[in-house]
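Engineer: What follows is the file upload-v1.cif, containing mmCIF, C-alpha atoms and all ligand atoms:
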```cif
data_data
loop_
_atom_site.label_atom_id
_atom_site.label_comp_id
_atom_site.auth_asym_id
_atom_site.auth_seq_id
_atom_site.Cartn_x
_atom_site.Cartn_y
_atom_site.Cartn_z
CA MET A 8 -80.47 -98.70 33.33
CA THR A 9 -80.15 -95.05 32.43
CA GLY A 10 -79.60 -91.85 34.41
CA LYS A 11 -82.67 -89.60 34.66
CA ILE A 12 -82.20 -85.94 35.52
CA ILE A 13 -84.06 -85.54 38.82
CA GLY A 14 -82.64 -82.20 40.00
CA LEU A 15 -81.07 -79.06 38.56
CA GLY A 16 -79.16 -76.14 40.05
CA SER A 17 -77.38 -73.05 38.81
CA TYR A 18 -75.47 -70.06 40.05
CA LEU A 19 -74.66 -66.81 38.27
CA PRO A 20 -72.50 -64.13 39.91
CA ALA A 21 -74.28 -60.90 40.89
CA LYS A 22 -72.08 -58.49 38.92
CA VAL A 23 -73.61 -57.59 35.53
CA LEU A 24 -71.39 -56.36 32.68
CA THR A 25 -73.52 -54.72 29.99
CA ASN A 26 -72.64 -54.01 26.37
CA ASP A 27 -72.49 -50.33 27.29
CA ASP A 28 -69.93 -51.14 30.00
CA LEU A 29 -67.87 -53.02 27.39
CA SER A 30 -68.02 -50.08 25.01
CA LYS A 31 -66.01 -48.11 27.59
CA MET A 32 -63.34 -50.84 27.63
CA VAL A 33 -62.91 -51.67 23.91
CA ASP A 34 -64.00 -50.14 20.60
CA THR A 35 -67.47 -51.67 20.36
CA ASN A 36 -71.11 -50.79 20.97
CA ASP A 37 -74.40 -52.30 22.10
CA GLU A 38 -75.85 -52.36 18.58
CA TRP A 39 -72.92 -54.33 17.08
CA ILE A 40 -72.83 -56.89 19.91
CA THR A 41 -76.60 -57.38 19.96
CA GLU A 42 -76.85 -57.77 16.20
CA ARG A 43 -73.86 -60.13 15.84
CA THR A 44 -74.30 -62.24 18.98
CA GLY A 45 -77.69 -61.63 20.66
CA ILE A 46 -75.87 -60.85 23.91
CA LYS A 47 -76.97 -57.81 25.96
CA GLU A 48 -75.18 -58.54 29.21
CA ARG A 49 -73.17 -61.20 31.01
CA ARG A 50 -72.23 -62.00 34.63
CA ILE A 51 -68.68 -61.52 35.88
CA SER A 52 -67.49 -63.27 39.03
CA ASP A 53 -65.99 -61.57 42.04
CA PRO A 54 -62.42 -62.91 42.31
CA LEU A 55 -62.75 -63.46 46.07
CA THR A 56 -66.30 -64.74 46.55
CA ASP A 57 -67.14 -66.27 43.16
CA LYS A 58 -64.20 -68.54 42.46
CA PRO A 59 -65.16 -71.55 40.31
CA SER A 60 -64.80 -73.75 43.42
CA GLN A 61 -67.35 -71.53 45.19
CA MET A 62 -69.78 -71.06 42.30
CA VAL A 63 -69.96 -74.78 41.54
CA VAL A 64 -70.72 -75.69 45.15
CA LYS A 65 -73.68 -73.27 45.13
CA ALA A 66 -75.06 -74.81 41.93
CA ALA A 67 -74.48 -78.34 43.29
CA MET A 68 -76.29 -77.55 46.56
CA GLN A 69 -79.26 -76.20 44.64
CA ALA A 70 -79.38 -79.33 42.45
CA VAL A 71 -79.31 -81.57 45.55
CA GLU A 72 -82.15 -79.56 47.09
CA ASP A 73 -84.13 -79.61 43.83
CA ALA A 74 -83.74 -83.41 43.63
CA GLY A 75 -84.72 -83.83 47.29
CA ILE A 76 -81.88 -86.26 47.94
CA ASP A 77 -79.45 -86.77 50.80
CA PRO A 78 -75.97 -85.82 49.49
CA LYS A 79 -74.60 -88.82 51.41
CA ASP A 80 -76.30 -91.06 48.81
CA ILE A 81 -74.38 -89.56 45.86
CA ASP A 82 -71.94 -92.17 44.58
CA LEU A 83 -70.16 -90.22 41.82
CA ILE A 84 -69.38 -86.55 41.17
CA VAL A 85 -68.16 -85.38 37.75
CA THR A 86 -67.43 -81.70 37.05
CA ALA A 87 -66.67 -80.07 33.73
CA THR A 88 -64.40 -77.04 33.75
CA THR A 89 -61.55 -75.44 31.83
CA THR A 90 -61.03 -72.51 34.20
CA SER A 91 -60.69 -74.02 37.67
CA ASP A 92 -59.04 -71.97 40.41
CA LEU A 93 -57.27 -75.20 41.46
CA MET A 94 -54.81 -77.23 39.38
CA PHE A 95 -55.73 -80.03 41.79
CA PRO A 96 -57.59 -81.44 43.57
CA THR A 97 -60.58 -81.51 41.27
CA LEU A 98 -63.59 -79.28 41.76
CA SER A 99 -65.53 -82.52 42.22
CA CYS A 100 -63.45 -83.04 45.39
CA VAL A 101 -64.38 -79.55 46.59
CA ILE A 102 -68.07 -80.33 46.03
CA HIS A 103 -67.53 -83.65 47.83
CA ARG A 104 -66.15 -81.85 50.90
CA GLU A 105 -68.67 -79.02 50.98
CA LEU A 106 -71.70 -81.30 50.58
CA GLY A 107 -70.40 -83.82 53.11
CA VAL A 108 -70.61 -86.72 50.66
CA SER A 109 -69.58 -90.22 51.82
CA GLU A 110 -66.12 -91.66 51.04
CA GLU A 111 -67.82 -94.37 48.97
CA CYS A 112 -68.30 -91.70 46.28
CA GLY A 113 -65.83 -91.34 43.38
CA THR A 114 -64.86 -87.96 41.92
CA PHE A 115 -63.20 -86.65 38.78
CA ASP A 116 -63.23 -83.58 36.52
CA VAL A 117 -63.57 -83.32 32.76
CA ASN A 118 -62.05 -80.71 30.43
CA SER A 119 -63.69 -80.59 27.03
CA ALA A 120 -64.18 -76.82 26.63
CA CYS A 121 -67.80 -75.76 26.08
CA PRO A 122 -69.22 -79.27 25.54
CA GLY A 123 -67.59 -80.31 28.84
CA TRP A 124 -70.89 -80.73 30.66
CA ILE A 125 -72.17 -83.07 27.95
CA ALA A 126 -68.92 -85.08 28.16
CA ALA A 127 -69.32 -85.26 31.96
CA TYR A 128 -72.98 -86.30 31.56
CA ASN A 129 -71.98 -89.04 29.10
CA ALA A 130 -69.25 -90.31 31.43
CA ALA A 131 -71.78 -90.40 34.29
CA GLN A 132 -74.24 -92.32 32.12
CA GLY A 133 -71.50 -94.88 31.39
CA PHE A 134 -71.04 -95.47 35.14
CA ILE A 135 -74.81 -95.81 35.61
CA GLU A 136 -75.32 -98.16 32.67
CA GLY A 137 -72.41 -100.33 33.83
CA GLY A 138 -73.99 -100.64 37.29
CA ASN A 139 -71.16 -98.68 38.92
CA ALA A 140 -73.18 -95.68 40.14
CA LYS A 141 -76.81 -94.98 41.07
CA LEU A 142 -76.87 -91.31 41.99
CA VAL A 143 -74.51 -88.93 40.19
CA LEU A 144 -73.91 -85.20 40.45
CA VAL A 145 -72.82 -83.73 37.10
CA ALA A 146 -71.64 -80.12 37.29
CA GLY A 147 -70.17 -77.50 34.95
CA VAL A 148 -68.51 -74.24 35.95
CA GLU A 149 -66.50 -71.55 34.21
CA CYS A 150 -64.80 -68.33 35.15
CA THR A 151 -63.76 -67.34 31.63
CA SER A 152 -63.38 -63.71 32.79
CA ASN A 153 -59.99 -64.73 34.23
CA PHE A 154 -58.73 -65.91 30.82
CA VAL A 155 -60.50 -63.83 28.20
CA ASN A 156 -58.33 -61.27 26.41
CA TRP A 157 -60.04 -58.08 27.59
CA GLU A 158 -58.26 -56.10 24.86
CA ASP A 159 -59.69 -58.24 22.04
CA ARG A 160 -63.18 -56.97 21.14
CA GLY A 161 -63.74 -60.07 19.02
CA GLN A 162 -63.79 -62.30 22.11
CA CYS A 163 -64.30 -60.36 25.38
CA ILE A 164 -67.87 -59.49 24.37
CA LEU A 165 -68.86 -63.16 24.17
CA PHE A 166 -68.16 -64.75 27.52
CA GLY A 167 -69.73 -64.77 30.97
CA ASP A 168 -69.19 -66.68 34.23
CA GLY A 169 -71.47 -69.17 35.94
CA ALA A 170 -72.14 -72.70 37.16
CA GLY A 171 -74.78 -75.37 36.67
CA ALA A 172 -75.41 -78.86 38.02
CA ALA A 173 -77.73 -81.83 37.61
CA ILE A 174 -78.46 -84.94 39.65
CA LEU A 175 -78.85 -88.16 37.65
CA ARG A 176 -80.56 -91.17 39.21
CA ALA A 177 -80.41 -94.71 37.82
CA GLU A 178 -83.80 -95.81 36.51
CA GLU A 179 -85.11 -98.36 34.03
CA GLY A 180 -84.84 -96.98 30.52
CA LYS A 181 -83.05 -96.88 27.20
CA PRO A 182 -79.27 -96.43 27.30
CA ASN A 183 -77.84 -92.94 26.82
CA GLN A 184 -78.24 -91.75 23.20
CA PHE A 185 -75.41 -89.52 22.07
CA ILE A 186 -72.75 -88.66 19.50
CA MET A 187 -69.39 -87.07 20.39
CA ARG A 188 -67.03 -85.67 17.74
CA SER A 189 -63.65 -83.91 17.70
CA SER A 190 -61.21 -82.33 15.28
CA GLY A 191 -57.75 -81.98 16.82
CA LYS A 192 -56.37 -80.65 13.57
CA ARG A 193 -58.55 -77.56 14.05
CA MET A 194 -57.41 -76.90 17.64
CA ASP A 195 -55.58 -73.70 16.74
CA CYS A 196 -58.74 -71.70 16.09
CA LEU A 197 -59.72 -71.83 19.77
CA HIS A 198 -57.18 -72.52 22.50
CA CYS A 199 -55.62 -71.26 25.73
CA ASP A 200 -52.01 -72.27 26.43
CA ASN A 201 -50.79 -72.94 29.96
CA ALA A 202 -48.11 -70.33 30.62
CA MET A 203 -46.90 -72.11 33.75
CA GLN A 204 -45.18 -74.82 31.69
CA PRO A 205 -41.42 -74.30 32.40
CA ALA A 206 -40.55 -73.94 28.72
CA ARG A 207 -43.03 -71.09 28.45
CA MET A 208 -42.28 -69.11 31.62
CA ASN A 209 -39.63 -66.90 30.07
CA GLU A 210 -41.09 -66.61 26.62
CA GLU A 211 -41.68 -63.17 25.19
CA GLY A 212 -45.37 -62.33 25.56
CA PHE A 213 -45.91 -65.04 28.14
CA LYS A 214 -48.87 -63.18 29.60
CA GLU A 215 -50.64 -63.36 26.25
CA LEU A 216 -50.28 -67.11 26.35
CA THR A 217 -52.49 -67.36 29.41
CA LYS A 218 -55.36 -65.82 27.47
CA PHE A 219 -57.94 -67.22 25.07
CA ASN A 220 -56.89 -67.28 21.44
CA MET A 221 -59.85 -67.41 19.11
CA ASP A 222 -60.49 -67.07 15.41
CA GLY A 223 -64.16 -66.14 15.79
CA ARG A 224 -65.02 -66.40 12.11
CA GLU A 225 -63.58 -69.95 11.86
CA VAL A 226 -65.38 -71.05 15.01
CA PHE A 227 -68.61 -69.57 13.68
CA LYS A 228 -68.27 -71.40 10.34
CA PHE A 229 -67.41 -74.65 12.12
CA ALA A 230 -70.44 -74.39 14.42
CA VAL A 231 -73.04 -73.58 11.76
CA THR A 232 -71.71 -76.38 9.55
CA GLU A 233 -71.09 -79.20 12.02
CA VAL A 234 -73.83 -78.74 14.63
CA PRO A 235 -76.87 -79.09 12.30
CA LYS A 236 -75.17 -82.11 10.68
CA LEU A 237 -74.52 -83.62 14.11
CA ILE A 238 -78.17 -83.22 15.12
CA ARG A 239 -79.38 -84.81 11.86
CA ASP A 240 -76.94 -87.71 12.40
CA LEU A 241 -78.19 -88.09 15.98
CA ALA A 242 -81.80 -88.34 14.76
CA ALA A 243 -80.80 -90.94 12.15
CA LYS A 244 -78.70 -92.97 14.61
CA PHE A 245 -81.42 -93.13 17.25
CA ASP A 246 -84.38 -93.15 14.87
CA PHE A 247 -86.33 -90.11 16.03
CA SER A 248 -87.94 -87.30 14.09
CA LEU A 249 -86.82 -83.71 14.60
CA GLU A 250 -90.51 -82.77 14.51
CA ASP A 251 -91.12 -84.78 17.68
CA VAL A 252 -88.43 -82.97 19.67
CA ASP A 253 -89.89 -80.54 22.22
CA TRP A 254 -86.74 -78.49 22.82
CA PHE A 255 -83.34 -78.10 21.19
CA VAL A 256 -81.20 -77.00 24.13
CA MET A 257 -78.11 -75.60 22.44
CA HIS A 258 -74.88 -74.28 23.86
CA GLN A 259 -75.40 -70.54 24.27
CA ALA A 260 -72.43 -69.18 22.30
CA ASN A 261 -74.06 -66.87 19.79
CA ALA A 262 -77.75 -66.35 18.95
CA ARG A 263 -76.87 -66.26 15.24
CA ILE A 264 -75.34 -69.75 15.48
CA ILE A 265 -78.56 -70.99 17.10
CA GLU A 266 -80.70 -69.25 14.45
CA ALA A 267 -78.59 -70.72 11.61
CA THR A 268 -78.90 -74.20 13.16
CA ALA A 269 -82.70 -73.91 13.41
CA LYS A 270 -82.87 -72.73 9.80
CA LYS A 271 -80.67 -75.55 8.48
CA LEU A 272 -82.71 -78.13 10.39
CA LYS A 273 -85.95 -76.50 9.18
CA VAL A 274 -87.20 -76.38 12.77
CA SER A 275 -88.98 -73.37 14.28
CA LEU A 276 -86.68 -71.11 16.26
CA ASP A 277 -89.36 -71.20 18.99
CA LYS A 278 -88.06 -74.67 19.87
CA PHE A 279 -84.61 -73.26 20.63
CA PRO A 280 -84.73 -71.67 24.09
CA MET A 281 -82.15 -68.93 24.71
CA ASN A 282 -80.80 -67.06 27.71
CA ILE A 283 -77.62 -65.87 25.99
CA MET A 284 -78.86 -62.27 26.02
CA ARG A 285 -78.50 -62.31 29.82
CA THR A 286 -75.63 -64.76 30.37
CA GLY A 287 -73.27 -64.60 27.39
CA ASN A 288 -71.33 -67.80 26.71
CA THR A 289 -70.80 -69.56 30.05
CA SER A 290 -68.98 -72.44 28.31
CA SER A 291 -69.45 -75.77 30.12
CA ALA A 292 -72.04 -74.22 32.48
CA SER A 293 -74.31 -73.08 29.65
CA ILE A 294 -76.51 -76.17 29.18
CA PRO A 295 -77.29 -76.94 32.86
CA VAL A 296 -77.86 -73.21 33.54
CA LEU A 297 -80.38 -73.07 30.69
CA LEU A 298 -82.07 -76.34 31.71
CA LYS A 299 -82.51 -75.01 35.26
CA GLU A 300 -84.01 -71.77 33.94
CA MET A 301 -86.40 -73.77 31.72
CA LYS A 302 -87.45 -75.90 34.68
CA ASP A 303 -88.06 -72.85 36.84
CA ASN A 304 -90.19 -71.08 34.25
CA GLY A 305 -92.28 -74.19 33.49
CA GLN A 306 -90.92 -74.87 29.98
CA LEU A 307 -89.39 -78.22 30.95
CA LYS A 308 -91.80 -81.02 31.81
CA ARG A 309 -91.43 -84.73 32.48
CA GLY A 310 -91.52 -86.90 29.37
CA MET A 311 -90.40 -84.10 27.05
CA LYS A 312 -87.98 -85.00 24.29
CA LEU A 313 -84.84 -82.90 24.21
CA VAL A 314 -81.85 -82.57 21.96
CA ILE A 315 -78.91 -81.01 23.77
CA ALA A 316 -75.93 -79.94 21.66
CA SER A 317 -72.70 -78.12 22.29
CA PHE A 318 -69.45 -77.21 20.53
CA GLY A 319 -66.18 -75.52 21.38
CA GLY A 320 -62.42 -75.71 21.77
CA GLY A 321 -60.78 -78.90 20.56
CA LEU A 322 -62.57 -78.56 18.34
CA THR A 323 -65.28 -80.69 19.91
CA TRP A 324 -69.00 -81.04 19.23
CA ASP A 325 -71.42 -83.34 21.03
CA ALA A 326 -75.17 -83.94 21.07
CA ASN A 327 -77.60 -86.08 23.05
CA TYR A 328 -81.21 -87.16 22.67
CA ILE A 329 -82.84 -87.17 26.09
CA GLU A 330 -86.28 -88.18 27.26
CA TYR A 331 -86.54 -85.88 30.27
N1 LIG A 401 -67.43 -54.49 18.11
C1 LIG A 401 -67.35 -53.84 16.93
N2 LIG A 401 -66.73 -54.37 15.84
C2 LIG A 401 -66.17 -55.59 15.99
C3 LIG A 401 -66.21 -56.32 17.20
C4 LIG A 401 -66.86 -55.71 18.28
N3 LIG A 401 -66.98 -56.32 19.48
N4 LIG A 401 -65.58 -57.50 17.02
C5 LIG A 401 -65.15 -57.52 15.76
N5 LIG A 401 -65.50 -56.38 15.13
C6 LIG A 401 -65.25 -55.98 13.74
C7 LIG A 401 -64.09 -56.72 13.14
O1 LIG A 401 -62.86 -56.11 13.47
C8 LIG A 401 -64.42 -56.67 11.66
O2 LIG A 401 -64.02 -55.42 11.18
P1 LIG A 401 -63.35 -55.28 9.72
O3 LIG A 401 -64.42 -55.74 8.77
O4 LIG A 401 -63.03 -53.85 9.63
O5 LIG A 401 -62.16 -56.20 9.73
C9 LIG A 401 -65.94 -56.71 11.62
O6 LIG A 401 -66.38 -56.33 12.94
C10 LIG A 401 -66.49 -58.07 11.27
O7 LIG A 401 -65.78 -59.04 12.05
P2 LIG A 401 -66.12 -60.58 12.00
O8 LIG A 401 -65.14 -61.30 12.84
O9 LIG A 401 -66.33 -61.01 10.58
O10 LIG A 401 -67.56 -60.57 12.70
P3 LIG A 401 -68.54 -61.76 12.90
O11 LIG A 401 -69.84 -61.41 12.33
O12 LIG A 401 -67.92 -63.07 12.50
O13 LIG A 401 -68.72 -61.78 14.49
C11 LIG A 401 -67.99 -63.07 16.38
C12 LIG A 401 -67.61 -62.04 15.32
C13 LIG A 401 -69.14 -62.48 17.20
C14 LIG A 401 -66.80 -63.34 17.25
C15 LIG A 401 -68.48 -64.36 15.66
O14 LIG A 401 -67.54 -64.73 14.66
C16 LIG A 401 -68.66 -65.50 16.60
O15 LIG A 401 -69.52 -65.48 17.48
N6 LIG A 401 -67.91 -66.61 16.42
C17 LIG A 401 -68.04 -67.76 17.25
C18 LIG A 401 -67.18 -67.62 18.47
C19 LIG A 401 -67.57 -68.56 19.57
O16 LIG A 401 -68.72 -68.89 19.72
N7 LIG A 401 -66.60 -68.97 20.38
C20 LIG A 401 -66.80 -69.76 21.52
C21 LIG A 401 -66.94 -71.20 21.16
S1 LIG A 401 -67.25 -72.16 22.55
C22 LIG A 401 -65.84 -72.51 23.49
O17 LIG A 401 -65.38 -73.61 23.55
C23 LIG A 401 -65.16 -71.47 24.25
#
```
Represent the structure of the file as structure tokens.
Structural biologist:
Amino acid sequence: MTGKIIGLGSYLPAKVLTNDDLSKMVDTNDEWITERTGIKERRISDPLTDKPSQMVVKAAMQAVEDAGIDPKDIDLIVTATTTSDLMFPTLSCVIHRELGVSEECGTFDVNSACPGWIAAYNAAQGFIEGGNAKLVLVAGVECTSNFVNWEDRGQCILFGDGAGAAILRAEEGKPNQFIMRSSGKRMDCLHCDNAMQPARMNEEGFKELTKFNMDGREVFKFAVTEVPKLIRDLAAKFDFSLEDVDWFVMHQANARIIEATAKKLKVSLDKFPMNIMRTGNTSSASIPVLLKEMKDNGQLKRGMKLVIASFGGGLTWDANYIEY
């Protein structure tokens, strides 16, 4: 058995933060941001009405509606997030309550930075293939605006908030085809320490510790080196040709990273859909948000062959080959 995506949902907060808005906050400008990242604007959540626990429920409800299922039939919920408004319970538990899911359904969250949704998807597929779940909700949500260093022009221009979700249903088919990789030794180039640890509470600069720390140049080099290699390895492992792939659905972190990946793979950039200009980097929400947009605008059709790939803090980088 394998899990087929039968429904998609997404939610982006209403507030738009443009590059011009950012140029009033830090020393930057629209031209620099557009040229270096492809981003024109991003969505920023309202701290009262767009908490991660609220955004993810909206995306989950839309995915349930899109799939045409009764939420009572969901037997597993997995949510990817690094920026939850709750230490516990999990956001999967919040979804469980708000959707009125049965107590026969298991729940847990996954933290794997930007590739979190892929990690959650792979975990869900493991449950389905093992016969332990038939209908799974896989969500991703981030409110990076709460953790970005708004004084660092090298990072605050990149991120945006949002949520996405998919429903997977067990069907006959090939097992999940994926590769997951990590490099703990490179964790320092992208991390966010938890300042609430007792040893940290009284440290000088403790507020800084609650913010993202990122060496953008290192992350850029890592992504343009490892992601094309990962996709080539995926094609070799599962014996498919890159030419036969309909869409390469990449984590929306930087348009230049996507362009460099297309070039290294010698695949037309037209096969790399992008919404980063409107969303910025929504971290673990980025892939389901893009998939939902592609479904809505008719780009995504049954039977299409997709490569989905993501990378981020950890460092981590994951890719899947999916027959949609
Ligand atoms: N506006 C104007 N100038 C800027 C800005 C800005 N927003 N940011 C940096 N600069 C300046 C720098 O200070 C530097 O100036 P200098 O030459 O005088 O020192 C110059 O522009 C070039 O800086 P670089 O860092 O070399 O610029 P680069 O082309 O690498 O772009 C960027 C920086 C956009 C951050 C890029 O490196 C990047 O996108 N990296 C990947 C980051 C990423 O994707 N992170 C998320 C990963 S996913 C996750 O898990 C969260």
Engineer: Measuring atom to atom with all atoms listed in the file, identify which of A:Glu179, A:Asp303, A:Asp37, A:Asp82 is nearest to ligand LIG 401 (chain A).
Structural biologist: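 Among the listed residues, A:Asp37 lies closest to ligand LIG 401 (chain A).
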Engineer: Residues contacting ligand LIG 401 (chain A) - anything with an atom at most 6 Å away, using all atoms listed in the file - can you give me those as JSON, numbers by chain?
Structural biologist: {"A": [35, 36, 39, 40, 43, 44, 120, 121, 160, 161, 162, 164, 223, 224, 226, 227, 260, 261, 290, 318, 319, 320]}
Engineer: Near Asp168 in chain A, within 8 Å and counting all atoms listed in the file, which residues show up once chain neighbours fewer than 4 positions away are dropped, as a PyMOL selection string?
Structural biologist: chain A and resi 19-20+49-52+148-152+286+288-289
Engineer: Counting only C-alpha atoms, which of A:Ser119, A:Asn304, A:Thr268, A:Asn220 gets nearest to Thr323 in chain A?
Structural biologist: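 For Thr323 in chain A, the nearest of the candidates is A:Ser119.
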Engineer: Can you tell me which residues surround range 170-175 of chain A at a distance of at most 6 Å, considering only C-alpha atoms, apart from same-chain residues fewer than 5 positions away, and format the answer as a list in words?
Structural biologist: Gly10, Lys11, Ile12, Ile13, Gly14, Leu15, Gly16, Ser17, Tyr18, Met62, Val63, Ala66, Ala67, Ala70, Leu142, Val143, Leu144, Val145, Ala146, Gly147, Val148, Ala292, Pro295 and Val296 of chain A
Engineer: Just give me the gap between CA of Leu241 in chain A and CA of Leu307 in chain A in Å, one decimal is fine.
Structural biologist: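 CA of Leu307 in chain A lies 21.1 Å from CA of Leu241 in chain A.
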Engineer: Using only C-alpha atoms and a cutoff of 12 Å, can you tell me which residues are near (-88.4, -80.9, 16.9) in the file's coordinates, and write them out as a list in words?
Structural biologist: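 Residues satisfying the cut-off, written out: Ile238, Arg239, Ala242, Phe247, Ser248, Leu249, Glu250, Asp251, Val252, Asp253, Trp254, Phe255, Val256, Ala269, Leu272, Lys273, Val274, Ser275, Leu276, Asp277, Lys278, Phe279, Met311, Lys312, Leu313, Val314, Ile315 and Tyr328 of chain A.
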